[in-house]
Amino acid sequence: MCRALALGLAVLAGPAAAEQCRLALALALDISVSVDEAEDILQRQGLAAALIAPEVQEAFFSSPLPVALAVYEWSGRTAQHLILDWTMIETEADLLLAATTVQQSIRSDSGSATAMGHALAFGASLMQQAPRCLFQTIDLSGDGTNNDGYGPDLAYKHFPFENTVVNGLVINAADFEGELFLIPFFENNVLHGPGAFLEIAQGFEDFERAMRRKLERELKGVELSTAAPGTSE
């Protein structure tokens with residue numbers, strides 16, 4: 001009788017004890033050879049500015065459960081580098097420190113190809129180290145299609161993505177070719193999981209606006225999901 005009661009209490013307490021945060025969010029920045037120094041700066045400065053934009057801050061702190069945030073850069077098969085390790089965003093000071101870390105980061109590689117599958121595999125491994133959250137999301141930003149190593153399809157097949165949504169941010173160099181090939185590639189190959197969506201930046205100068213819009217949508221979407229009964233995993 002005591003054992004049954006203890007087991008029942010453990011089952012009831014388990015989910016609440018496991019949920020440290022509402023979302024584990026990993027942001028992946030493209031530093032492949034197609035991204036020059038000026039464009040790389042636009043990405044870092046744009047992400048840093050987007051993180052502390054008023055509407056994004058409001059979305060971060062719209063729920064009592066915090067968000068766990070990580071940022072990494074990616075390019076070739078062996079060129080993935082962590083910019084910001086998992087950080088629990090509980091206060092404005094936490095968010096400002098995360099933004100400053102991104103802003104002051106230095107590019108780790110500048111001559112590699114575009115290995116999207118490897119970038120996603122790195123993200124999947126990073127998610128295994130994340131705090132226990134209700135939801136997990138990886139955001140892959142990029143200005144080109146996969147041209148090195150295995151593609152996203154094999155990453156999704158061989159790495160743990162069962163509980164992870166992958167959204168995309170296409171950096172379209174404001175040309176017709178990007179609309180014809182890059183956007184459909186992301187839509188058909190990169191997006192993964194229920195509710196996955198694509199945001200489009202019309203060139204690197206538009207990266208900050210697109211990132212603000214994407215972050216706000218992700219954070220508020222999770223807020224609505226956690227508020228609805230029966231939606232927690």
# chains A, B, ... in the order shown; residues from 1 in each chain; ligands from 1
$ residues_around --residues "segment 64-77 of chain A" --least-positions-apart "5" --cutoff "6 Å" --atoms "only C-alpha atoms" --output "ChimeraX atom specification"
/A:21-32,82-90,112-115,118-119
$ write_last_selection --atoms "C-alpha atoms" --output "PDB file, in the first residue's frame"
ATOM      1  CA  CYS A  21      12.078  25.684 -18.735  1.00  0.00           C
ATOM      2  CA  ARG A  22       9.486  25.989 -21.449  1.00  0.00           C
ATOM      3  CA  LEU A  23      11.856  25.993 -24.446  1.00  0.00           C
ATOM      4  CA  ALA A  24      15.422  24.933 -25.228  1.00  0.00           C
ATOM      5  CA  LEU A  25      16.335  27.131 -28.209  1.00  0.00           C
ATOM      6  CA  ALA A  26      19.573  26.671 -30.193  1.00  0.00           C
ATOM      7  CA  LEU A  27      20.391  29.273 -32.851  1.00  0.00           C
ATOM      8  CA  ALA A  28      22.809  28.220 -35.621  1.00  0.00           C
ATOM      9  CA  LEU A  29      24.654  30.857 -37.690  1.00  0.00           C
ATOM     10  CA  ASP A  30      26.124  30.148 -41.145  1.00  0.00           C
ATOM     11  CA  ILE A  31      29.847  31.009 -41.423  1.00  0.00           C
ATOM     12  CA  SER A  32      30.574  29.132 -44.659  1.00  0.00           C
ATOM     13  CA  LEU A  82      29.745  26.950 -29.724  1.00  0.00           C
ATOM     14  CA  ILE A  83      29.332  30.710 -29.254  1.00  0.00           C
ATOM     15  CA  LEU A  84      26.990  30.631 -26.257  1.00  0.00           C
ATOM     16  CA  ASP A  85      26.614  27.511 -24.136  1.00  0.00           C
ATOM     17  CA  TRP A  86      23.226  26.744 -22.594  1.00  0.00           C
ATOM     18  CA  THR A  87      22.128  29.779 -20.609  1.00  0.00           C
ATOM     19  CA  MET A  88      18.878  30.046 -18.687  1.00  0.00           C
ATOM     20  CA  ILE A  89      17.260  33.372 -19.568  1.00  0.00           C
ATOM     21  CA  GLU A  90      15.488  34.315 -16.350  1.00  0.00           C
ATOM     22  CA  SER A 112      34.687  25.887 -45.301  1.00  0.00           C
ATOM     23  CA  ALA A 113      31.794  24.637 -47.379  1.00  0.00           C
ATOM     24  CA  THR A 114      28.131  24.269 -46.387  1.00  0.00           C
ATOM     25  CA  ALA A 115      27.572  21.058 -44.427  1.00  0.00           C
ATOM     26  CA  HIS A 118      26.676  18.051 -39.911  1.00  0.00           C
ATOM     27  CA  ALA A 119      25.381  21.367 -38.540  1.00  0.00           C
TER      28      ALA A 119
END
$ residues_around --residues "segment 171-173 of chain A" --least-positions-apart "2" --cutoff "7 Å" --atoms "only C-alpha atoms" --output "ChimeraX atom specification"
/A:142-143,169,175,178,200-204
$ atom_distance --atom1 "atom CA of Leu191 of chain A" --atom2 "atom CA of Val35 of chain A"
21.7 Å
$ residues_around --residues "segment 43-54 of chain A" --least-positions-apart "3" --cutoff "6 Å" --atoms "only C-alpha atoms" --output "ChimeraX atom specification"
/A:40,57,99,102-103,208,212
$ write_last_selection --atoms "N, CA, C and O atoms" --output "PDB file, in the first residue's frame"
ATOM      1  N   ASP A  40      29.204  38.421 -42.069  1.00  0.00           N
ATOM      2  CA  ASP A  40      29.285  37.749 -40.778  1.00  0.00           C
ATOM      3  C   ASP A  40      29.013  38.728 -39.639  1.00  0.00           C
ATOM      4  O   ASP A  40      28.290  38.407 -38.687  1.00  0.00           O
ATOM      5  N   GLN A  57      12.171  40.726 -26.071  1.00  0.00           N
ATOM      6  CA  GLN A  57      12.269  40.646 -24.614  1.00  0.00           C
ATOM      7  C   GLN A  57      10.912  40.326 -23.994  1.00  0.00           C
ATOM      8  O   GLN A  57      10.805  39.499 -23.081  1.00  0.00           O
ATOM      9  N   ALA A  99      23.291  38.412 -25.379  1.00  0.00           N
ATOM     10  CA  ALA A  99      23.427  39.249 -26.568  1.00  0.00           C
ATOM     11  C   ALA A  99      24.850  39.803 -26.687  1.00  0.00           C
ATOM     12  O   ALA A  99      25.423  39.845 -27.785  1.00  0.00           O
ATOM     13  N   VAL A 102      27.260  37.129 -27.948  1.00  0.00           N
ATOM     14  CA  VAL A 102      27.143  36.951 -29.406  1.00  0.00           C
ATOM     15  C   VAL A 102      27.804  38.116 -30.142  1.00  0.00           C
ATOM     16  O   VAL A 102      28.563  37.919 -31.087  1.00  0.00           O
ATOM     17  N   GLN A 103      27.534  39.322 -29.698  1.00  0.00           N
ATOM     18  CA  GLN A 103      28.064  40.517 -30.355  1.00  0.00           C
ATOM     19  C   GLN A 103      29.591  40.533 -30.351  1.00  0.00           C
ATOM     20  O   GLN A 103      30.222  40.957 -31.324  1.00  0.00           O
ATOM     21  N   GLU A 208      18.604  41.158 -39.114  1.00  0.00           N
ATOM     22  CA  GLU A 208      18.102  41.533 -37.788  1.00  0.00           C
ATOM     23  C   GLU A 208      16.576  41.532 -37.758  1.00  0.00           C
ATOM     24  O   GLU A 208      15.960  40.989 -36.835  1.00  0.00           O
ATOM     25  N   ARG A 212      14.328  39.020 -35.480  1.00  0.00           N
ATOM     26  CA  ARG A 212      13.363  39.519 -34.495  1.00  0.00           C
ATOM     27  C   ARG A 212      12.001  38.859 -34.705  1.00  0.00           C
ATOM     28  O   ARG A 212      11.368  38.411 -33.754  1.00  0.00           O
TER      29      ARG A 212
END
$ select_by_dssp --residues "segment 144-218 of chain A" --states "helix (DSSP H, G or I)" --output "PyMOL selection string"
chain A and resi 152-158+176-190+204-218
$ select_by_dssp --residues "segment 1-226 of chain A" --states "strand (DSSP E)" --output "number ranges by chain"
A: 21-30, 67-74, 80-89, 133-142, 164-172, 198-202
